[in-house]
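What follows is one structure encoded as structure tokens, with my remarks underneath.
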Amino acid sequence: MAGGFFASLAKKRDQLLDTAETHLRVQRLKGEVANMRKEKEEILNKIATRVYDLFNQGQIQDQELLSLCQQLKIKQWELDEKWSEINHVKSEKG
């Protein structure tokens, strides 16, 4: 009887260890995926910055890229205007 009990405990222990090892492996892999996504995002940002630089130099011919860059430029103007408005409102209160 006691042998069966200890065998059952050992089996349960092994199952728990397997589960813990699996969990740790999955967590490690998820961490690797997160790092890869971050690296991918950094590459995409570099591409975007380079395309925008080429746009500002008048070297973009692709109409879709031209349109997207123009939209980005307009959005930056809108952001600049909002910051100017924020600074104006702050200066009125001060």
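Note on naming: chains are A, B, ... as they come in the structure tokens, residues start from 1 per chain, ligands start from 1 in the order shown.
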**OP:** Mind checking which residues fall within 10 Å of range 66-76 of chain A, counting only C-alpha atoms, ignoring those fewer than 6 positions away in the same chain, and posting them as a VMD selection string?
**Re:** chain A and resid 48 51 to 56 58 to 60 82
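Relative to CA of Arg50 in chain A, CA of Leu65 in chain A is found at 11.8 Å.
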